[in-house]
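> Got a structure for you, work27.cif, holding mmCIF, C-alpha atoms.
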```
data_structure
#
loop_
_atom_site.label_atom_id
_atom_site.label_comp_id
_atom_site.auth_asym_id
_atom_site.auth_seq_id
_atom_site.Cartn_x
_atom_site.Cartn_y
_atom_site.Cartn_z
CA MET A 1 81.51 95.64 74.49
CA ILE A 2 81.90 97.41 77.79
CA LYS A 3 80.43 95.13 80.44
CA LYS A 4 80.80 96.55 83.91
CA LYS A 5 77.39 95.78 85.35
CA TYR A 6 77.25 93.07 88.02
CA ALA A 7 73.98 91.47 89.08
CA SER A 8 74.65 91.51 92.82
CA VAL A 9 76.93 92.97 95.46
CA ALA A 10 77.95 89.38 96.30
CA SER A 11 79.23 88.69 92.78
CA ALA A 12 80.99 92.07 92.64
CA VAL A 13 83.16 91.35 95.70
CA ALA A 14 83.57 87.56 95.21
CA ASP A 15 87.27 87.70 94.22
CA ILE A 16 88.53 89.92 97.05
CA HIS A 17 91.33 87.76 98.41
CA ASP A 18 92.70 87.23 101.89
CA GLY A 19 95.39 89.83 102.60
CA ALA A 20 93.99 92.34 100.10
CA THR A 21 94.27 96.09 100.57
CA VAL A 22 90.78 97.57 100.28
CA MET A 23 89.86 101.25 100.09
CA ILE A 24 86.38 102.01 101.38
CA GLY A 25 84.80 105.36 100.49
CA GLY A 26 82.82 107.57 102.80
CA PHE A 27 83.40 110.05 105.60
CA GLY A 28 81.70 108.77 108.70
CA ALA A 29 78.23 107.71 107.58
CA SER A 30 77.98 109.82 104.42
CA GLY A 31 79.02 108.07 101.23
CA SER A 32 79.73 104.77 102.96
CA PRO A 33 79.01 101.78 100.66
CA ILE A 34 77.24 99.75 103.33
CA GLU A 35 75.82 97.10 100.98
CA LEU A 36 79.25 96.35 99.46
CA ILE A 37 80.82 96.19 102.94
CA HIS A 38 78.16 93.78 104.14
CA ALA A 39 78.75 91.66 101.02
CA LEU A 40 82.44 91.57 101.95
CA ILE A 41 81.47 90.36 105.42
CA ASP A 42 79.37 87.58 103.86
CA HIS A 43 82.27 86.74 101.51
CA GLY A 44 84.64 86.45 104.45
CA ALA A 45 88.02 87.55 103.08
CA LYS A 46 90.39 88.14 105.99
CA ASP A 47 93.72 89.73 106.93
CA LEU A 48 92.58 92.82 105.05
CA THR A 49 94.28 96.21 105.16
CA VAL A 50 91.48 98.77 105.00
CA ILE A 51 91.82 102.44 104.06
CA ASN A 52 89.02 104.76 105.21
CA ASN A 53 88.95 108.11 106.99
CA ASN A 54 87.46 106.50 110.11
CA THR A 55 86.87 103.06 111.60
CA GLY A 56 83.09 102.80 111.43
CA ASN A 57 80.31 103.30 113.92
CA GLY A 58 78.03 101.04 115.91
CA GLU A 59 78.04 97.42 114.71
CA VAL A 60 77.23 97.88 111.03
CA GLY A 61 79.25 98.65 107.90
CA LEU A 62 82.99 99.13 108.44
CA ALA A 63 82.70 98.61 112.21
CA ALA A 64 81.02 95.24 111.55
CA LEU A 65 83.77 94.24 109.08
CA ILE A 66 86.37 95.03 111.75
CA GLY A 67 84.29 93.35 114.46
CA ASN A 68 84.09 90.20 112.33
CA GLY A 69 87.88 89.87 112.59
CA GLN A 70 88.55 90.43 108.87
CA VAL A 71 90.79 93.48 109.21
CA LYS A 72 94.41 93.25 110.36
CA LYS A 73 95.29 96.89 109.75
CA MET A 74 93.45 100.22 109.43
CA ILE A 75 94.90 103.23 107.63
CA CYS A 76 92.87 106.29 108.64
CA SER A 77 92.95 109.84 110.02
CA PHE A 78 90.38 109.66 112.79
CA PRO A 79 89.88 106.20 114.30
CA LYS A 80 87.46 107.20 117.02
CA SER A 81 84.13 108.96 117.21
CA SER A 82 81.20 109.17 119.56
CA GLN A 83 79.73 105.89 118.36
CA SER A 84 82.84 103.87 117.51
CA ARG A 85 83.38 101.02 119.93
CA VAL A 86 84.62 98.07 117.87
CA PHE A 87 87.96 99.45 116.70
CA PRO A 88 88.96 101.14 119.98
CA LYS A 89 88.47 97.87 121.89
CA LEU A 90 90.50 95.76 119.43
CA TYR A 91 93.22 98.42 119.24
CA GLN A 92 93.60 98.62 122.99
CA GLU A 93 93.81 94.83 123.14
CA GLY A 94 96.57 94.91 120.49
CA LEU A 95 94.49 92.90 118.02
CA ILE A 96 94.52 95.40 115.13
CA GLU A 97 97.21 97.64 113.63
CA LEU A 98 96.76 101.36 113.00
CA GLU A 99 98.55 103.66 110.57
CA LEU A 100 97.47 107.20 111.46
CA VAL A 101 97.56 109.60 108.50
CA PRO A 102 96.41 113.25 108.57
CA GLN A 103 93.24 113.67 106.56
CA GLY A 104 94.66 115.84 103.78
CA THR A 105 97.73 113.62 103.46
CA LEU A 106 95.47 110.56 103.29
CA ALA A 107 93.46 112.13 100.46
CA GLU A 108 96.57 113.21 98.56
CA ARG A 109 98.33 109.84 98.99
CA ILE A 110 95.29 108.18 97.42
CA ARG A 111 95.08 110.78 94.65
CA ALA A 112 98.82 110.41 93.96
CA ALA A 113 98.44 106.65 93.49
CA GLY A 114 95.70 107.22 90.96
CA ALA A 115 97.78 109.86 89.19
CA GLY A 116 100.95 107.74 88.98
CA ILE A 117 102.96 109.90 91.38
CA PRO A 118 104.90 107.67 93.83
CA ALA A 119 105.53 110.38 96.45
CA PHE A 120 105.08 114.06 97.16
CA TYR A 121 106.14 116.69 99.72
CA THR A 122 103.68 118.32 102.11
CA PRO A 123 104.03 120.83 104.96
CA THR A 124 101.55 118.80 107.01
CA THR A 125 103.14 117.17 110.13
CA VAL A 126 106.40 119.16 109.92
CA GLY A 127 107.67 119.57 113.48
CA THR A 128 105.37 116.87 114.90
CA VAL A 129 105.76 113.25 116.01
CA LEU A 130 103.96 112.11 112.85
CA ALA A 131 106.95 113.30 110.77
CA GLU A 132 109.48 111.25 112.73
CA GLY A 133 111.55 108.92 110.53
CA LYS A 134 110.32 110.55 107.32
CA GLU A 135 112.39 112.40 104.72
CA ILE A 136 112.30 116.17 105.23
CA ARG A 137 113.29 118.47 102.38
CA SER A 138 113.43 122.22 102.07
CA PHE A 139 111.85 124.07 99.15
CA ASP A 140 112.12 127.87 98.93
CA GLY A 141 113.14 128.04 102.58
CA ARG A 142 110.28 125.98 104.03
CA GLU A 143 110.40 122.38 105.23
CA TYR A 144 108.20 119.63 103.81
CA VAL A 145 107.67 115.94 104.60
CA MET A 146 107.80 113.27 101.91
CA GLU A 147 104.73 111.05 101.77
CA PRO A 148 104.33 107.98 99.54
CA TRP A 149 101.35 107.10 97.38
CA LEU A 150 98.71 104.76 98.74
CA GLN A 151 97.61 102.02 96.35
CA ALA A 152 94.98 99.34 96.81
CA ASP A 153 93.85 96.09 95.25
CA PHE A 154 90.18 97.01 95.49
CA ALA A 155 88.07 100.11 96.15
CA LEU A 156 84.48 99.93 97.43
CA VAL A 157 82.66 103.08 96.41
CA LYS A 158 79.17 104.54 96.73
CA CYS A 159 77.75 106.95 94.18
CA GLU A 160 74.42 108.51 93.30
CA MET A 161 74.26 107.74 89.60
CA SER A 162 76.27 105.66 87.18
CA ASP A 163 75.81 105.12 83.49
CA ALA A 164 76.57 101.85 81.74
CA VAL A 165 80.22 102.77 81.12
CA GLY A 166 80.85 103.80 84.73
CA ASN A 167 80.67 107.58 84.56
CA LEU A 168 79.66 108.62 88.07
CA THR A 169 77.95 111.45 89.91
CA TYR A 170 77.66 111.79 93.68
CA ASN A 171 75.27 113.44 96.12
CA LYS A 172 76.45 116.44 98.17
CA THR A 173 79.05 115.63 100.85
CA ALA A 174 78.69 111.89 100.20
CA ARG A 175 81.32 112.47 97.51
CA ASN A 176 84.31 112.91 99.90
CA PHE A 177 86.99 110.19 99.33
CA ASN A 178 84.98 108.19 96.78
CA PRO A 179 86.27 109.77 93.52
CA LEU A 180 89.90 109.50 94.74
CA MET A 181 89.58 105.85 95.65
CA CYS A 182 88.11 105.06 92.21
CA MET A 183 91.43 106.23 90.73
CA ALA A 184 93.77 104.46 93.14
CA ALA A 185 92.65 100.81 93.17
CA THR A 186 93.44 98.04 90.71
CA THR A 187 89.75 97.05 90.74
CA THR A 188 87.10 99.64 91.58
CA ILE A 189 83.70 98.32 92.62
CA VAL A 190 80.86 100.85 92.70
CA GLN A 191 77.39 100.65 94.18
CA THR A 192 75.06 103.16 92.55
CA ARG A 193 71.63 104.29 93.64
CA LYS A 194 70.62 104.72 90.03
CA LEU A 195 71.99 102.99 86.92
CA VAL A 196 71.25 104.74 83.63
CA ASN A 197 72.12 104.29 79.96
CA ALA A 198 75.24 105.73 78.41
CA GLY A 199 74.38 109.25 77.31
CA ASP A 200 71.94 109.87 80.15
CA ILE A 201 74.55 111.76 82.21
CA ASP A 202 75.62 115.03 80.61
CA PRO A 203 79.39 114.65 79.96
CA GLU A 204 79.81 118.12 81.52
CA HIS A 205 78.39 116.75 84.79
CA VAL A 206 80.49 113.60 85.11
CA ILE A 207 82.55 113.67 88.34
CA THR A 208 84.34 110.32 87.98
CA PRO A 209 85.03 109.32 84.36
CA GLY A 210 84.26 105.66 83.65
CA ILE A 211 87.90 104.74 82.98
CA PHE A 212 88.37 104.63 86.78
CA VAL A 213 85.47 102.21 87.33
CA ASN A 214 85.54 98.44 86.77
CA ARG A 215 82.33 97.06 88.30
CA ILE A 216 78.90 98.59 88.84
CA VAL A 217 76.09 97.23 90.99
CA GLU A 218 72.74 98.96 91.28
CA VAL A 219 71.56 99.35 94.89
CA PRO A 220 68.40 101.44 94.47
CA GLN A 221 67.63 102.03 98.15
CA PRO A 222 70.92 102.03 100.02
CA VAL A 223 70.75 101.88 103.81
CA HIS A 224 72.42 104.65 105.80
CA GLU A 225 74.72 103.94 108.73
CA ASP A 226 73.08 106.55 110.99
CA ILE A 227 69.63 105.05 110.41
CA LEU A 228 70.85 101.49 111.10
CA ILE A 229 72.55 102.65 114.31
CA ALA A 230 69.44 104.56 115.42
CA GLN A 231 67.50 101.33 114.90
CA GLY A 232 70.02 99.43 117.04
CA ARG A 233 70.96 97.13 114.14
CA SER A 234 74.04 94.99 113.82
CA TYR A 235 75.52 92.89 110.99
CA PRO A 236 75.51 90.04 110.20
CA MET B 1 79.72 140.21 139.53
CA ASN B 2 79.99 140.03 135.75
CA THR B 3 83.55 139.37 134.68
CA GLY B 4 85.17 137.81 131.65
CA TRP B 5 83.58 136.55 128.45
CA ASN B 6 81.28 133.54 128.17
CA ARG B 7 81.50 131.10 125.23
CA ASP B 8 79.24 133.16 122.98
CA GLN B 9 81.05 136.38 123.82
CA MET B 10 84.42 134.75 123.06
CA ALA B 11 83.08 133.62 119.69
CA ALA B 12 81.58 137.06 119.00
CA ARG B 13 84.90 138.73 119.84
CA ALA B 14 86.75 136.41 117.46
CA ALA B 15 84.21 137.07 114.70
CA GLN B 16 85.01 140.79 114.90
CA ASP B 17 88.59 140.05 113.80
CA ILE B 18 87.66 138.08 110.69
CA PRO B 19 87.64 140.31 107.58
CA ASP B 20 84.39 140.59 105.60
CA GLY B 21 84.32 138.15 102.69
CA SER B 22 86.73 135.66 104.26
CA TYR B 23 86.74 131.95 103.54
CA VAL B 24 86.61 130.45 107.03
CA ASN B 25 87.03 126.99 108.55
CA LEU B 26 85.66 126.54 112.08
CA GLY B 27 86.82 123.80 114.44
CA ILE B 28 84.53 121.82 116.71
CA GLY B 29 83.29 123.32 120.01
CA ILE B 30 83.38 127.05 120.82
CA PRO B 31 84.74 127.88 117.32
CA GLU B 32 81.45 126.63 115.83
CA LEU B 33 79.68 129.47 117.69
CA VAL B 34 81.51 132.05 115.55
CA ALA B 35 78.94 131.42 112.79
CA GLN B 36 76.19 132.68 115.10
CA HIS B 37 77.97 135.99 115.76
CA VAL B 38 78.90 137.33 112.35
CA PRO B 39 79.07 141.14 112.61
CA GLU B 40 76.32 143.13 110.91
CA GLY B 41 77.15 143.74 107.26
CA CYS B 42 79.79 140.97 107.11
CA GLU B 43 79.62 137.77 105.13
CA PHE B 44 81.86 134.72 105.68
CA ILE B 45 81.91 131.65 103.47
CA TYR B 46 82.38 128.47 105.49
CA HIS B 47 84.53 125.59 104.35
CA THR B 48 84.15 122.10 105.76
CA GLU B 49 86.89 119.51 105.22
CA ASN B 50 84.57 116.81 103.90
CA GLY B 51 83.93 118.73 100.72
CA MET B 52 81.79 121.85 100.82
CA LEU B 53 82.14 125.61 100.57
CA GLY B 54 79.09 127.63 101.57
CA MET B 55 78.04 125.54 104.56
CA GLY B 56 74.88 126.81 106.25
CA PRO B 57 73.32 126.33 109.69
CA PRO B 58 71.90 123.02 110.97
CA PRO B 59 68.54 122.01 109.48
CA ALA B 60 65.35 121.30 111.40
CA GLU B 61 65.30 117.64 112.38
CA ASP B 62 62.64 116.75 109.79
CA GLU B 63 64.56 118.52 107.02
CA ARG B 64 67.82 116.61 107.39
CA ASP B 65 69.58 115.40 104.28
CA LEU B 66 71.56 112.26 105.16
CA ASP B 67 74.17 113.12 102.51
CA LEU B 68 74.82 116.62 103.83
CA MET B 69 77.14 116.63 106.83
CA ASN B 70 80.04 118.70 108.12
CA ALA B 71 83.47 117.54 109.24
CA GLY B 72 82.13 117.09 112.78
CA LYS B 73 79.63 114.62 111.24
CA LYS B 74 76.70 116.86 112.11
CA TYR B 75 73.90 117.54 109.65
CA VAL B 76 74.15 120.96 107.98
CA THR B 77 72.62 122.90 105.08
CA ALA B 78 74.02 124.50 101.94
CA MET B 79 73.84 128.27 101.37
CA PRO B 80 73.05 129.77 97.94
CA GLY B 81 76.33 129.64 96.04
CA ALA B 82 77.58 126.50 97.81
CA ALA B 83 79.90 124.04 96.05
CA TYR B 84 80.72 120.37 96.65
CA PHE B 85 84.08 118.74 95.88
CA HIS B 86 86.15 115.69 96.76
CA HIS B 87 88.63 115.42 99.62
CA ALA B 88 91.79 116.13 97.60
CA ASP B 89 90.30 119.39 96.32
CA SER B 90 89.13 120.24 99.81
CA PHE B 91 92.60 119.86 101.27
CA SER B 92 94.13 121.66 98.29
CA MET B 93 92.08 124.65 99.45
CA ILE B 94 93.56 124.19 102.93
CA ARG B 95 97.16 123.27 102.13
CA GLY B 96 97.33 125.57 99.14
CA GLY B 97 96.69 128.64 101.29
CA HIS B 98 93.26 129.47 99.86
CA ILE B 99 91.37 129.48 103.17
CA ASP B 100 91.76 132.83 104.95
CA VAL B 101 91.01 132.03 108.58
CA CYS B 102 90.77 128.88 110.68
CA VAL B 103 89.42 129.10 114.22
CA LEU B 104 90.41 126.17 116.42
CA GLY B 105 90.02 125.01 119.97
CA THR B 106 93.12 123.80 121.76
CA MET B 107 94.61 121.96 124.70
CA GLN B 108 97.76 124.12 124.76
CA VAL B 109 99.17 127.06 122.82
CA ALA B 110 102.70 128.36 123.36
CA GLU B 111 104.24 131.82 123.28
CA ASN B 112 106.08 130.89 120.05
CA GLY B 113 102.80 130.00 118.30
CA ASP B 114 103.08 126.22 118.73
CA ILE B 115 99.72 124.52 119.09
CA ALA B 116 98.87 121.13 120.65
CA ASN B 117 95.25 120.13 120.14
CA TRP B 118 95.17 116.53 118.86
CA SER B 119 96.60 114.22 121.50
CA THR B 120 97.67 114.16 125.13
CA GLY B 121 100.22 111.51 124.19
CA ALA B 122 98.96 109.38 127.09
CA PRO B 123 99.85 105.69 126.76
CA GLY B 124 96.89 103.61 125.57
CA ALA B 125 95.02 106.61 124.17
CA ILE B 126 93.81 106.15 120.61
CA PRO B 127 95.54 108.76 118.45
CA ALA B 128 93.21 110.66 116.10
CA VAL B 129 94.43 113.62 114.08
CA GLY B 130 91.79 114.24 111.41
CA GLY B 131 92.54 117.39 109.42
CA ALA B 132 94.09 119.44 112.23
CA MET B 133 97.71 119.18 111.02
CA ASP B 134 96.74 120.15 107.48
CA LEU B 135 94.73 123.15 108.70
CA VAL B 136 97.45 124.64 110.92
CA GLN B 137 100.08 124.36 108.18
CA GLY B 138 97.93 125.58 105.31
CA VAL B 139 95.40 128.20 106.39
CA LYS B 140 96.64 131.81 106.21
CA HIS B 141 95.58 132.87 109.74
CA ILE B 142 95.19 130.46 112.65
CA TYR B 143 93.06 131.81 115.49
CA VAL B 144 92.48 129.93 118.73
CA ILE B 145 89.43 130.17 120.99
CA THR B 146 89.90 128.55 124.37
CA GLN B 147 89.21 128.89 128.06
CA HIS B 148 92.29 130.54 129.57
CA THR B 149 92.88 127.58 131.92
CA THR B 150 91.88 123.93 132.14
CA ARG B 151 89.08 122.82 134.46
CA LYS B 152 91.78 122.07 137.02
CA GLY B 153 93.10 125.62 136.68
CA ASP B 154 96.28 124.81 134.74
CA PRO B 155 97.31 127.40 132.15
CA LYS B 156 96.56 126.57 128.51
CA LEU B 157 98.73 129.47 127.31
CA VAL B 158 102.23 128.21 128.10
CA ASP B 159 105.90 128.88 127.40
CA ARG B 160 106.32 125.51 125.65
CA CYS B 161 103.67 122.88 124.86
CA THR B 162 104.08 119.65 126.81
CA TYR B 163 101.53 117.75 124.69
CA PRO B 164 102.50 116.51 121.18
CA LEU B 165 102.37 119.38 118.69
CA THR B 166 99.78 119.77 115.96
CA GLY B 167 102.06 122.32 114.33
CA PRO B 168 104.95 124.62 115.28
CA GLY B 169 104.75 128.42 115.23
CA VAL B 170 101.40 128.69 113.47
CA VAL B 171 98.99 130.53 115.81
CA SER B 172 98.60 134.30 115.40
CA ARG B 173 95.80 135.31 117.81
CA ILE B 174 94.13 133.76 120.88
CA PHE B 175 90.66 134.57 122.26
CA THR B 176 90.02 133.38 125.82
CA ASP B 177 87.39 134.04 128.48
CA LEU B 178 89.80 136.60 129.99
CA ALA B 179 91.59 138.35 127.13
CA VAL B 180 92.64 138.61 123.51
CA VAL B 181 96.33 137.76 123.16
CA ASP B 182 98.60 137.92 120.11
CA VAL B 183 101.59 135.70 119.41
CA THR B 184 104.48 137.99 118.46
CA PRO B 185 108.23 137.51 117.94
CA GLY B 186 108.57 138.80 121.53
CA GLY B 187 106.07 136.28 122.92
CA PHE B 188 102.50 136.77 124.14
CA GLN B 189 101.20 140.33 123.71
CA LEU B 190 97.99 141.46 125.41
CA VAL B 191 95.54 142.99 122.92
CA GLU B 192 92.41 143.43 125.00
CA LEU B 193 91.10 142.53 128.46
CA ALA B 194 87.61 141.11 128.99
CA PRO B 195 85.29 143.26 131.15
CA GLY B 196 86.28 143.22 134.82
CA ILE B 197 89.55 141.38 134.21
CA SER B 198 92.91 142.83 135.22
CA PHE B 199 96.26 142.35 133.52
CA GLU B 200 97.57 140.87 136.76
CA GLU B 201 94.89 138.15 136.75
CA VAL B 202 95.63 137.24 133.10
CA GLN B 203 99.35 137.10 133.82
CA ALA B 204 98.80 134.96 136.92
CA LYS B 205 96.75 132.43 134.91
CA THR B 206 99.22 132.26 132.01
CA GLY B 207 102.21 129.90 131.88
CA ALA B 208 104.48 132.46 130.20
CA SER B 209 105.17 136.19 130.35
CA ILE B 210 102.63 138.45 128.69
CA LEU B 211 103.57 141.86 127.37
CA PRO B 212 101.06 144.42 128.73
CA LEU B 213 99.18 146.93 126.61
CA ALA B 214 101.55 149.62 125.41
#
```
Will you turn the file into structure tokens for me?


Amino acid sequence: MIKKKYASVASAVADIHDGATVMIGGFGASGSPIELIHALIDHGAKDLTVINNNTGNGEVGLAALIGNGQVKKMICSFPKSSQSRVFPKLYQEGLIELELVPQGTLAERIRAAGAGIPAFYTPTTVGTVLAEGKEIRSFDGREYVMEPWLQADFALVKCEMSDAVGNLTYNKTARNFNPLMCMAATTTIVQTRKLVNAGDIDPEHVITPGIFVNRIVEVPQPVHEDILIAQGRSYP
Amino acid sequence: MNTGWNRDQMAARAAQDIPDGSYVNLGIGIPELVAQHVPEGCEFIYHTENGMLGMGPPPAEDERDLDLMNAGKKYVTAMPGAAYFHHADSFSMIRGGHIDVCVLGTMQVAENGDIANWSTGAPGAIPAVGGAMDLVQGVKHIYVITQHTTRKGDPKLVDRCTYPLTGPGVVSRIFTDLAVVDVTPGGFQLVELAPGISFEEVQAKTGASILPLA
């Protein structure tokens, strides 16, 4: 029997270990699995390497995880935004590491890990400081930079609908990095707004096939980072 | 005295040079204004890096959808015919050469087409690159909209960029408050002067030689 359903976000993240590499879906506020992140804060695993496009906003979600001292390194493309204060402060104090990866390279490194491709060549960063120290190779007269795959122990993902076997659909631009991260982690943990029976999602409409999903938790009314920030909330 | 182009006029001028039917990616700032100045009879389809083609204008505040944002993390709408996709597909469109035109702001652009618009390289600054390096390498035509000089009056069109590059030799056309300038194998080439602006003024405010109108 396929048994992927977990009763709570707490039980779904309970085995995330100190030192784990954790991918967290979302682009800014949209598609960010806030409930799973807050469960990870409650759980307390530390020395984490976290992969996300950004570094969170305000004092909730990813920013709260960083602010709680659980993250030793961020891998992201854009670590600052109008409402990000936690990461910039720790970074400038030398208390957190940063690996800066261009957004398309970040997406493709994650996809490559899921697809079993250890490295690929991209034109992105050729002729810039971000290519320094990396292998450059010429194909058909143009230079490309080699980039390695990006694997993770766990992925925390938010989706709109999941069926019992983990087939997923998303909502609009909340999709972003989530389907890629499902593919790239050893254990993929999904929070879904709606959990339905197998057969209730048309196979033609499945975005992430269930083979990439290990754990499903239903979170029927997920909070949204922008709303929490507008309310002046912090976590814990 | 009315001289030069304002932000909207710069955007409108750039929009005139985008072919009808183009797939277009607009950077943050003045480039965003291009969408408000699409020439009569033209249709552009807008791409946003976080996974949508067919992006529409911002919604009224009470009609916001929290799951519908653009790459600048602003709330947007979807036009009829829009499509959503994940980040790897989105950057395949960029890197794979499927997007026709990208309009970007910049800190510096050089006469050889180098662009520097992601970092001043200042010690202690937090580096943030986003999708800029993917866009400049992948999109077929890279246009720049920028004030001709910084607030301090320093030229932004230069012989060589002093800030860290976003990409080398990628920019084809530049729209400023003073002029339209092409990047050619011979360097900067004047294409058009804004109303009331002389070639001499443009040259004086540019950090490299500009070839005058033929």

> One decimal, in Å: what's the spacing between CA of Cys42 (chain B) and CA of Ile174 (chain B)?

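We find that CA of Cys42 (chain B) and CA of Ile174 (chain B) lie 21.1 Å from each other.
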
> Once the PyMOL selection byres ((chain A and resi 25-35) around 6) has been applied to the shown file, what residues remain in the selection, as number ranges by chain?

A: 24, 36-38, 61, 157-158, 174, 177-178, 225; B: 67

> Would you write out those residues with C-alpha atoms, as an mmCIF file, keeping the file's coordinate frame?


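New file selection.cif:
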```
data_model
loop_
_atom_site.group_PDB
_atom_site.id
_atom_site.type_symbol
_atom_site.label_atom_id
_atom_site.label_comp_id
_atom_site.auth_asym_id
_atom_site.auth_seq_id
_atom_site.Cartn_x
_atom_site.Cartn_y
_atom_site.Cartn_z
ATOM 1 C CA ILE A 24 86.380 102.010 101.380
ATOM 2 C CA LEU A 36 79.250 96.350 99.460
ATOM 3 C CA ILE A 37 80.820 96.190 102.940
ATOM 4 C CA HIS A 38 78.160 93.780 104.140
ATOM 5 C CA GLY A 61 79.250 98.650 107.900
ATOM 6 C CA VAL A 157 82.660 103.080 96.410
ATOM 7 C CA LYS A 158 79.170 104.540 96.730
ATOM 8 C CA ALA A 174 78.690 111.890 100.200
ATOM 9 C CA PHE A 177 86.990 110.190 99.330
ATOM 10 C CA ASN A 178 84.980 108.190 96.780
ATOM 11 C CA GLU A 225 74.720 103.940 108.730
ATOM 12 C CA ASP B 67 74.170 113.120 102.510
#
```

> Within 10 Å of chain B, which residues of chain A show up when using all atoms listed in the file, listed as a ChimeraX atom specification?

/A:26-31,53-54,76-81,87-89,91-93,98-112,122-130,170-180,207,224-227

> Any idea what's packed within 12 Å of Thr49 (chain A), counting all atoms listed in the file, ignoring anything in its chain fewer than 4 positions away? Could you give it as a VMD selection string?

chain A and resid 16 to 24 45 55 65 to 66 69 to 76 96 to 99 150 to 155

> Provide the CA of Val158 (chain B) to CA of Thr106 (chain B) distance in Å, to one decimal place.

11.9 Å

> CA of Gly94 (chain A) and CA of Ala230 (chain A) are how many Å apart?

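Going from CA of Gly94 (chain A) over to CA of Ala230 (chain A), I get 29.2 Å.
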
> Which is closest to Lys74 (chain B) among B:Val101, B:Ile28, B:Met93, B:Leu213, if we use all atoms listed in the file?

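Among the listed residues, the smallest separation from Lys74 (chain B) belongs to B:Ile28.
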
> Just so the selection is clear, what residues does the PyMOL selection byres ((chain A and resi 235) around 8) cover here, as a ChimeraX atom specification?

/A:38,59-61,64,233-234,236

> Could you write out as number ranges by chain the residues that the PyMOL selection byres ((chain B and resi 183) around 10) matches in the shown file?

B: 109-114, 169-174, 181-182, 184-190, 210

> Would you list the contacts of Tyr46 (chain B) as a list in words, taking every protein, DNA or RNA residue within 9 Å and counting all atoms listed in the file, but skipping same-chain residues closer than 6 positions in sequence?

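My list of contacting residues is Ser22, Tyr23, Val24, Asn25, Leu26, Ala35, Met52, Leu53, Gly54, Met55 and Gly56 of chain B.
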